[in-house]
Amino acid sequence: MVDLAPKVARVDAIQSFVSQETPVLTIYDSDGAAGTGYSYTIGTGGPSVMALLQHTLLPRLIGQDGDRIDGIWRDLLYATHATAVGAITSLALAAIDTALWDLRCRKQGLPLWKLAGGSRESIPLYSTEGGWLHLSSEALVEDALAMQAQGFKGSKIKIGRPHISEDAARLEAVRAAVGPGYEILTDGNQGFTLSEAIRRAQMLEEHGIGWFEEPLKADDVAAHRELARRTSVPVAVGESLYSLSQFKDYLQVGAASIVQVDVARIGGITPWLKVAHLAEAFNVMVCPHFLMELHLPLVCAVPNAKWLEYIPQLDSITEQGIEIKDGLAYVSHDPGLGIKWDWARLDALADPITIKEAV
């Protein structure tokens with residue numbers, strides 16, 4: 001596991017992002033082929049994820065057929081059913097599942113975006129790194145203008161200041177600076193009650209906001225449905241949901257206009273694709289949370305993706321970042337996930353755990 005410090009201070013309505021604990025896992029098969037996957041936390045729980053991998057999940061991979069990705073994922077989920085559905089189990093499953101997909105892609109000589117669907121080769125970016133809650137209006141404007149100059153199509157602003165007028169002033173400043181053609185997205189990080197979310201949504205409508213992300217507690221489906229009924233601003237949820245069934249509950253009742261499924265928190269690429277296709281059946285767009293390097297090939301694999309969130313975080317442990325041109329992120333054509341790990345740097349930073357034998 002590698003502990004990565006945030007590139008900037010990250011503060012939202014309910015928490016601070018203090019570090020990225022990053023389990024990095026390489027799986028070898030009996031032919032000598034290897035696949036590497038990873039997961040993450042925002043500062044807590046990493047040792048628990050590693051313990052679950054070491055003592056419970058990884059030993060169950062020995063002797064398995066690595067091509068049975070869906071079957072392996074399901075077997076491991078049921079082997080840990082007493083701790084699922086939840087973050088620790090999902091994050092551990094994700095490290096394994098992404099490694100198995102990388103292994104499959106490399107053995108077949110295909111990039112993930114193509115093997116998983118091959119819908120497109122690029123996706124528009126929006127930036128979050130300059131929109132944190134503690135930043136001044138001047139700082140928000142400066143970052144949005146800088147990203148707009150680079151060709152980015154939108155920026156996300158964290159909201160949840162003590163009074164609605166403070167949020168309104170920050171959004172007004174950014175809108176005045178970037179003009180009407182630039183998308184402004186907002187994120188409440190589960191910080192509001194239903195009544196206050198309705199109140200703030202009315203204000204967001206006045207500024208042409210692209211979505212209202214995590215306005216309420218993530219497990220309150222009924223409140224999200226009521227908010228969606230009361231506002232024209234799309235309601236975005238998903239980064240704090242951990243199962244296909246939870247997304248189904250939101251989509252069935254019209255409580256989500258944007259699905260923000262996170263490949264680590266849902267448990268890997270296998271369930272991520274199921275959520276994306278489920279959303280497609282409801283004519284809902286997928287705009288995943290965080291992990292831009294891993295989400296890039298996934299949003300380019302499916303037809304109903306709209307945005308990729310720009311938060312660079314792997315630069316210090318990779319040899320090359322994703323290709324960005326005129327506000328678009330372009331997929332890698334190399335076999336695998338498309339991530340070029342800096343193995344010398346990883347070896348220097350990580351405390352390795354070895355499980356012998358091969359899948």
# chains A, B, ... in the order shown; residues from 1 in each chain; ligands from 1
$ residues_around --residues "region 11-27 of chain A" --least-positions-apart "4" --cutoff "6 Å" --atoms "only C-alpha atoms" --output "PyMOL selection string"
chain A and resi 1-6+34-43+46+132-133+160+189+191
$ write_last_selection --atoms "all heavy atoms" --output "short mmCIF file (atom, residue, chain, number, x, y, z; two decimals), in the first residue's frame"
data_model
loop_
_atom_site.label_atom_id
_atom_site.label_comp_id
_atom_site.auth_asym_id
_atom_site.auth_seq_id
_atom_site.Cartn_x
_atom_site.Cartn_y
_atom_site.Cartn_z
N MET A 1 0.85 -1.20 0.00
CA MET A 1 0.00 0.00 0.00
C MET A 1 0.88 1.24 0.00
O MET A 1 1.86 1.32 0.73
CB MET A 1 -0.92 0.02 1.22
CG MET A 1 -1.90 1.18 1.23
SD MET A 1 -3.13 1.06 2.54
CE MET A 1 -2.10 1.36 3.97
N VAL A 2 0.51 2.21 -0.83
CA VAL A 2 1.23 3.47 -0.94
C VAL A 2 0.33 4.59 -0.43
O VAL A 2 -0.86 4.64 -0.76
CB VAL A 2 1.62 3.75 -2.41
CG1 VAL A 2 2.33 5.09 -2.52
CG2 VAL A 2 2.49 2.63 -2.94
N ASP A 3 0.87 5.46 0.39
CA ASP A 3 0.12 6.60 0.92
C ASP A 3 0.48 7.84 0.12
O ASP A 3 1.63 8.30 0.14
CB ASP A 3 0.46 6.80 2.40
CG ASP A 3 -0.57 7.66 3.11
OD1 ASP A 3 -1.53 8.11 2.45
OD2 ASP A 3 -0.42 7.89 4.31
N LEU A 4 -0.50 8.39 -0.61
CA LEU A 4 -0.26 9.55 -1.47
C LEU A 4 -0.91 10.79 -0.87
O LEU A 4 -2.10 10.80 -0.56
CB LEU A 4 -0.85 9.30 -2.86
CG LEU A 4 -0.32 8.06 -3.60
CD1 LEU A 4 -1.06 7.90 -4.93
CD2 LEU A 4 1.17 8.16 -3.82
N ALA A 5 -0.13 11.84 -0.72
CA ALA A 5 -0.66 13.10 -0.19
C ALA A 5 -1.45 13.81 -1.28
O ALA A 5 -1.08 13.78 -2.46
CB ALA A 5 0.48 13.98 0.29
N PRO A 6 -2.56 14.49 -0.92
CA PRO A 6 -3.30 15.27 -1.91
C PRO A 6 -2.42 16.37 -2.51
O PRO A 6 -1.56 16.93 -1.83
CB PRO A 6 -4.45 15.87 -1.10
CG PRO A 6 -4.57 15.00 0.11
CD PRO A 6 -3.19 14.52 0.40
N ALA A 34 0.94 -11.12 -15.95
CA ALA A 34 0.62 -10.35 -14.75
C ALA A 34 -0.39 -9.25 -15.06
O ALA A 34 -0.43 -8.70 -16.17
CB ALA A 34 1.88 -9.74 -14.16
N GLY A 35 -1.21 -8.95 -14.06
CA GLY A 35 -2.13 -7.83 -14.15
C GLY A 35 -2.09 -7.05 -12.86
O GLY A 35 -2.00 -7.64 -11.77
N THR A 36 -2.17 -5.73 -12.95
CA THR A 36 -2.08 -4.87 -11.78
C THR A 36 -3.34 -4.03 -11.63
O THR A 36 -3.83 -3.43 -12.60
CB THR A 36 -0.86 -3.93 -11.87
OG1 THR A 36 0.32 -4.73 -11.93
CG2 THR A 36 -0.78 -3.01 -10.66
N GLY A 37 -3.87 -4.02 -10.40
CA GLY A 37 -5.03 -3.19 -10.09
C GLY A 37 -4.78 -2.41 -8.83
O GLY A 37 -3.76 -2.57 -8.16
N TYR A 38 -5.73 -1.57 -8.48
CA TYR A 38 -5.56 -0.78 -7.27
C TYR A 38 -6.91 -0.31 -6.75
O TYR A 38 -7.95 -0.48 -7.40
CB TYR A 38 -4.63 0.41 -7.50
CG TYR A 38 -5.18 1.54 -8.34
CD1 TYR A 38 -5.47 2.78 -7.77
CD2 TYR A 38 -5.37 1.40 -9.72
CE1 TYR A 38 -5.95 3.83 -8.54
CE2 TYR A 38 -5.85 2.43 -10.49
CZ TYR A 38 -6.13 3.66 -9.91
OH TYR A 38 -6.61 4.69 -10.67
N SER A 39 -6.86 0.30 -5.59
CA SER A 39 -8.03 0.85 -4.94
C SER A 39 -7.58 2.08 -4.16
O SER A 39 -6.45 2.54 -4.34
CB SER A 39 -8.67 -0.21 -4.03
OG SER A 39 -9.88 0.22 -3.50
N TYR A 40 -8.43 2.63 -3.30
CA TYR A 40 -8.01 3.81 -2.57
C TYR A 40 -8.92 4.08 -1.37
O TYR A 40 -10.06 3.60 -1.31
CB TYR A 40 -8.03 5.06 -3.47
CG TYR A 40 -9.42 5.64 -3.67
CD1 TYR A 40 -9.83 6.76 -2.96
CD2 TYR A 40 -10.32 5.06 -4.56
CE1 TYR A 40 -11.11 7.28 -3.12
CE2 TYR A 40 -11.59 5.57 -4.74
CZ TYR A 40 -11.99 6.69 -4.02
OH TYR A 40 -13.25 7.20 -4.19
N THR A 41 -8.41 4.85 -0.42
CA THR A 41 -9.23 5.46 0.62
C THR A 41 -8.90 6.95 0.63
O THR A 41 -7.98 7.40 -0.05
CB THR A 41 -8.94 4.89 2.02
OG1 THR A 41 -7.74 5.50 2.53
CG2 THR A 41 -8.79 3.38 2.01
N ILE A 42 -9.63 7.73 1.43
CA ILE A 42 -9.30 9.15 1.56
C ILE A 42 -8.65 9.41 2.92
O ILE A 42 -8.77 10.50 3.48
CB ILE A 42 -10.51 10.06 1.32
CG1 ILE A 42 -11.62 9.83 2.34
CG2 ILE A 42 -11.04 9.88 -0.08
CD1 ILE A 42 -12.73 10.88 2.27
N GLY A 43 -7.96 8.40 3.44
CA GLY A 43 -7.16 8.63 4.64
C GLY A 43 -7.39 7.69 5.80
O GLY A 43 -6.59 7.65 6.73
N GLY A 46 -7.27 2.04 5.25
CA GLY A 46 -6.34 1.33 4.40
C GLY A 46 -5.79 0.05 5.00
O GLY A 46 -5.78 -1.00 4.33
N TRP A 132 -12.74 23.62 -4.11
CA TRP A 132 -12.99 23.14 -2.75
C TRP A 132 -13.64 24.21 -1.88
O TRP A 132 -13.53 25.42 -2.15
CB TRP A 132 -11.70 22.61 -2.14
CG TRP A 132 -11.15 21.47 -2.93
CD1 TRP A 132 -10.19 21.52 -3.89
CD2 TRP A 132 -11.60 20.10 -2.89
NE1 TRP A 132 -9.98 20.26 -4.44
CE2 TRP A 132 -10.83 19.38 -3.83
CE3 TRP A 132 -12.55 19.41 -2.14
CZ2 TRP A 132 -10.99 18.02 -4.06
CZ3 TRP A 132 -12.71 18.05 -2.35
CH2 TRP A 132 -11.95 17.37 -3.30
N LEU A 133 -14.30 23.77 -0.82
CA LEU A 133 -15.19 24.63 -0.05
C LEU A 133 -14.45 25.74 0.68
O LEU A 133 -15.00 26.82 0.89
CB LEU A 133 -15.99 23.79 0.96
CG LEU A 133 -17.16 24.49 1.66
CD1 LEU A 133 -18.21 24.94 0.65
CD2 LEU A 133 -17.79 23.57 2.71
N GLY A 160 -22.06 24.45 0.51
CA GLY A 160 -22.33 24.04 1.88
C GLY A 160 -21.80 25.05 2.88
O GLY A 160 -21.60 24.72 4.05
N ASN A 189 -21.82 17.18 -0.97
CA ASN A 189 -21.16 16.19 -0.12
C ASN A 189 -22.02 15.73 1.06
O ASN A 189 -21.54 15.61 2.19
CB ASN A 189 -19.82 16.72 0.37
CG ASN A 189 -18.80 16.80 -0.73
OD1 ASN A 189 -18.51 17.88 -1.24
ND2 ASN A 189 -18.26 15.66 -1.14
N GLY A 191 -24.26 17.19 2.78
CA GLY A 191 -24.27 18.12 3.90
C GLY A 191 -25.60 18.76 4.23
O GLY A 191 -25.69 19.49 5.23
#
$ closest_atom_pairs --of "region 163-256 of chain A" --to "region 284-299 of chain A" --cutoff "9 Å" --atoms "only C-alpha atoms" --output "JSON lines"
{"residue": "A:Ala236", "atom": "CA", "partner": "A:Cys287", "partner_atom": "CA", "distance": 8.7}
{"residue": "A:Gly238", "atom": "CA", "partner": "A:His289", "partner_atom": "CA", "distance": 7.9}
{"residue": "A:Glu239", "atom": "CA", "partner": "A:His289", "partner_atom": "CA", "distance": 5.7}
{"residue": "A:Leu251", "atom": "CA", "partner": "A:Val284", "partner_atom": "CA", "distance": 8.4}
{"residue": "A:Ala256", "atom": "CA", "partner": "A:Val284", "partner_atom": "CA", "distance": 8.1}
$ write_last_selection --atoms "N, CA and C atoms" --output "compact mmCIF listing (two decimals), in the first residue's frame"
# COMPACT_ATOMS: atom_id res chain seq x y z
N ALA A 236 -27.29 14.30 -8.78
CA ALA A 236 -26.23 13.34 -9.05
C ALA A 236 -25.89 12.57 -7.78
N GLY A 238 -24.01 8.60 -6.24
CA GLY A 238 -23.37 7.33 -6.57
C GLY A 238 -22.01 7.09 -5.96
N GLU A 239 -21.26 8.14 -5.62
CA GLU A 239 -19.91 7.89 -5.12
C GLU A 239 -19.93 7.18 -3.77
N LEU A 251 -32.62 4.42 -9.32
CA LEU A 251 -33.08 4.57 -10.70
C LEU A 251 -34.55 4.20 -10.85
N ALA A 256 -32.33 9.70 -9.16
CA ALA A 256 -31.00 10.07 -9.64
C ALA A 256 -31.07 10.44 -11.11
$ residues_around --residues "Phe212 (chain A)" --least-positions-apart "5" --cutoff "8 Å" --atoms "only C-alpha atoms" --output "short mmCIF file (atom, residue, chain, number, x, y, z; two decimals) with C-alpha atoms, in the first residue's frame"
data_model
loop_
_atom_site.label_atom_id
_atom_site.label_comp_id
_atom_site.auth_asym_id
_atom_site.auth_seq_id
_atom_site.Cartn_x
_atom_site.Cartn_y
_atom_site.Cartn_z
CA LEU A 185 -21.41 21.73 -11.43
CA THR A 186 -21.98 21.71 -7.66
CA ASP A 187 -21.35 19.20 -4.87
CA GLY A 188 -23.04 19.24 -1.45
CA ALA A 201 -31.61 23.91 -5.44
CA VAL A 233 -31.34 20.79 -11.54
CA PRO A 234 -30.17 17.22 -12.21
CA VAL A 235 -29.51 15.28 -9.00
CA ALA A 236 -26.23 13.34 -9.05
#
$ residues_around --residues "region 56-73 of chain A" --least-positions-apart "4" --cutoff "12 Å" --atoms "only C-alpha atoms" --output "PyMOL selection string"
chain A and resi 25-31+33-35+48-52+77-81+83+89-108+266-274+353-359
$ write_last_selection --atoms "C-alpha atoms" --output "PDB file, in the first residue's frame"
ATOM      1  CA  LEU A  25      -2.054  -5.374  -6.315  1.00  0.00           C
ATOM      2  CA  THR A  26      -0.328  -7.490  -8.965  1.00  0.00           C
ATOM      3  CA  ILE A  27      -1.739 -10.924  -9.820  1.00  0.00           C
ATOM      4  CA  TYR A  28       0.313 -13.520 -11.745  1.00  0.00           C
ATOM      5  CA  ASP A  29      -1.133 -16.474 -13.595  1.00  0.00           C
ATOM      6  CA  SER A  30       0.485 -19.854 -14.186  1.00  0.00           C
ATOM      7  CA  ASP A  31       1.741 -18.709 -17.603  1.00  0.00           C
ATOM      8  CA  ALA A  33       1.404 -13.141 -17.217  1.00  0.00           C
ATOM      9  CA  ALA A  34       0.616 -10.352 -14.754  1.00  0.00           C
ATOM     10  CA  GLY A  35      -2.135  -7.831 -14.153  1.00  0.00           C
ATOM     11  CA  SER A  48      -8.229  -2.885   7.134  1.00  0.00           C
ATOM     12  CA  VAL A  49      -8.442  -3.214   3.356  1.00  0.00           C
ATOM     13  CA  MET A  50      -4.956  -4.721   3.290  1.00  0.00           C
ATOM     14  CA  ALA A  51      -5.781  -7.174   6.088  1.00  0.00           C
ATOM     15  CA  LEU A  52      -8.925  -8.340   4.291  1.00  0.00           C
ATOM     16  CA  LEU A  77     -18.342 -11.301  -2.381  1.00  0.00           C
ATOM     17  CA  TYR A  78     -20.215 -14.234  -0.874  1.00  0.00           C
ATOM     18  CA  ALA A  79     -17.122 -15.374   0.996  1.00  0.00           C
ATOM     19  CA  THR A  80     -17.266 -12.004   2.781  1.00  0.00           C
ATOM     20  CA  HIS A  81     -21.034 -11.563   2.864  1.00  0.00           C
ATOM     21  CA  THR A  83     -18.957  -7.642   5.868  1.00  0.00           C
ATOM     22  CA  THR A  89     -15.058  -5.101   1.357  1.00  0.00           C
ATOM     23  CA  SER A  90     -15.747  -3.160  -1.841  1.00  0.00           C
ATOM     24  CA  LEU A  91     -12.341  -1.489  -1.831  1.00  0.00           C
ATOM     25  CA  ALA A  92     -10.617  -4.836  -1.350  1.00  0.00           C
ATOM     26  CA  LEU A  93     -12.675  -6.503  -4.082  1.00  0.00           C
ATOM     27  CA  ALA A  94     -11.882  -3.615  -6.423  1.00  0.00           C
ATOM     28  CA  ALA A  95      -8.126  -4.113  -6.101  1.00  0.00           C
ATOM     29  CA  ILE A  96      -8.520  -7.762  -7.130  1.00  0.00           C
ATOM     30  CA  ASP A  97     -11.083  -7.203  -9.856  1.00  0.00           C
ATOM     31  CA  THR A  98      -9.158  -4.397 -11.561  1.00  0.00           C
ATOM     32  CA  ALA A  99      -6.008  -6.542 -11.511  1.00  0.00           C
ATOM     33  CA  LEU A 100      -7.884  -9.446 -13.116  1.00  0.00           C
ATOM     34  CA  TRP A 101      -9.233  -7.166 -15.851  1.00  0.00           C
ATOM     35  CA  ASP A 102      -5.734  -5.832 -16.467  1.00  0.00           C
ATOM     36  CA  LEU A 103      -4.499  -9.430 -16.710  1.00  0.00           C
ATOM     37  CA  ARG A 104      -7.248 -10.359 -19.172  1.00  0.00           C
ATOM     38  CA  CYS A 105      -6.602  -7.284 -21.337  1.00  0.00           C
ATOM     39  CA  ARG A 106      -2.866  -7.891 -21.465  1.00  0.00           C
ATOM     40  CA  LYS A 107      -3.273 -11.552 -22.375  1.00  0.00           C
ATOM     41  CA  GLN A 108      -5.679 -10.636 -25.178  1.00  0.00           C
ATOM     42  CA  ILE A 266     -18.623  -0.403  -6.122  1.00  0.00           C
ATOM     43  CA  GLY A 267     -16.060  -3.213  -5.932  1.00  0.00           C
ATOM     44  CA  GLY A 268     -14.304  -3.171  -9.292  1.00  0.00           C
ATOM     45  CA  ILE A 269     -14.760  -3.022 -13.041  1.00  0.00           C
ATOM     46  CA  THR A 270     -17.147  -5.987 -13.097  1.00  0.00           C
ATOM     47  CA  PRO A 271     -19.923  -4.303 -11.063  1.00  0.00           C
ATOM     48  CA  TRP A 272     -19.063  -0.853 -12.497  1.00  0.00           C
ATOM     49  CA  LEU A 273     -20.021  -2.000 -15.966  1.00  0.00           C
ATOM     50  CA  LYS A 274     -23.255  -3.504 -14.656  1.00  0.00           C
ATOM     51  CA  ILE A 353       2.819  -8.437   0.859  1.00  0.00           C
ATOM     52  CA  THR A 354       3.335 -11.674  -1.079  1.00  0.00           C
ATOM     53  CA  ILE A 355       0.808 -14.493  -1.439  1.00  0.00           C
ATOM     54  CA  LYS A 356       2.585 -17.460  -3.071  1.00  0.00           C
ATOM     55  CA  GLU A 357       1.301 -19.607  -5.925  1.00  0.00           C
ATOM     56  CA  ALA A 358      -0.450 -18.328  -9.063  1.00  0.00           C
ATOM     57  CA  VAL A 359      -3.992 -18.076 -10.335  1.00  0.00           C
TER      58      VAL A 359
END
$ select_by_dssp --residues "region 66-177 of chain A" --states "helix (DSSP H, G or I)" --output "JSON, numbers by chain"
{"A": [69, 70, 71, 72, 73, 74, 75, 76, 77, 78, 79, 81, 82, 83, 87, 88, 89, 90, 91, 92, 93, 94, 95, 96, 97, 98, 99, 100, 101, 102, 103, 104, 105, 106, 107, 108, 112, 113, 114, 115, 137, 138, 139, 140, 141, 142, 143, 144, 145, 146, 147, 148, 149, 164, 165, 166, 167, 168, 169, 170, 171, 172, 173, 174, 175, 176, 177]}
$ residues_around --residues "Leu135 (chain A)" --least-positions-apart "4" --cutoff "10 Å" --atoms "only C-alpha atoms" --output "ChimeraX atom specification"
/A:9-11,130-131,139-140,157-158,170
$ residues_around --residues "Glu206 (chain A)" --least-positions-apart "2" --cutoff "12 Å" --atoms "only C-alpha atoms" --output "MDAnalysis selection string"
chainID A and resid 168 171:172 175 199:204 208:210 231:233
$ closest_residue --among "A:Ala197, A:Ala222, A:Leu216, A:Val253" --to "Val237 (chain A)" --atoms "only C-alpha atoms"
A:Leu216
$ atom_distance --atom1 "CA of His333 (chain A)" --atom2 "CA of Ser122 (chain A)"
11.7 Å
$ atom_distance --atom1 "CA of Val221 (chain A)" --atom2 "CA of Val275 (chain A)"
16.7 Å
$ atom_distance --atom1 "CA of His224 (chain A)" --atom2 "CA of Ala144 (chain A)"
28.6 Å
$ residues_around --residues "Leu241 (chain A)" --least-positions-apart "4" --cutoff "9 Å" --atoms "only C-alpha atoms" --output "VMD selection string"
chain A and resid 86 to 87 218 to 219 237 246 to 247 261 to 262 265 to 266
$ select_by_dssp --residues "region 166-338 of chain A" --states "strand (DSSP E)" --output "ChimeraX atom specification"
/A:183-187,212-213,235-237,258-259,285-286,308-310,318-320,323-325,328-330
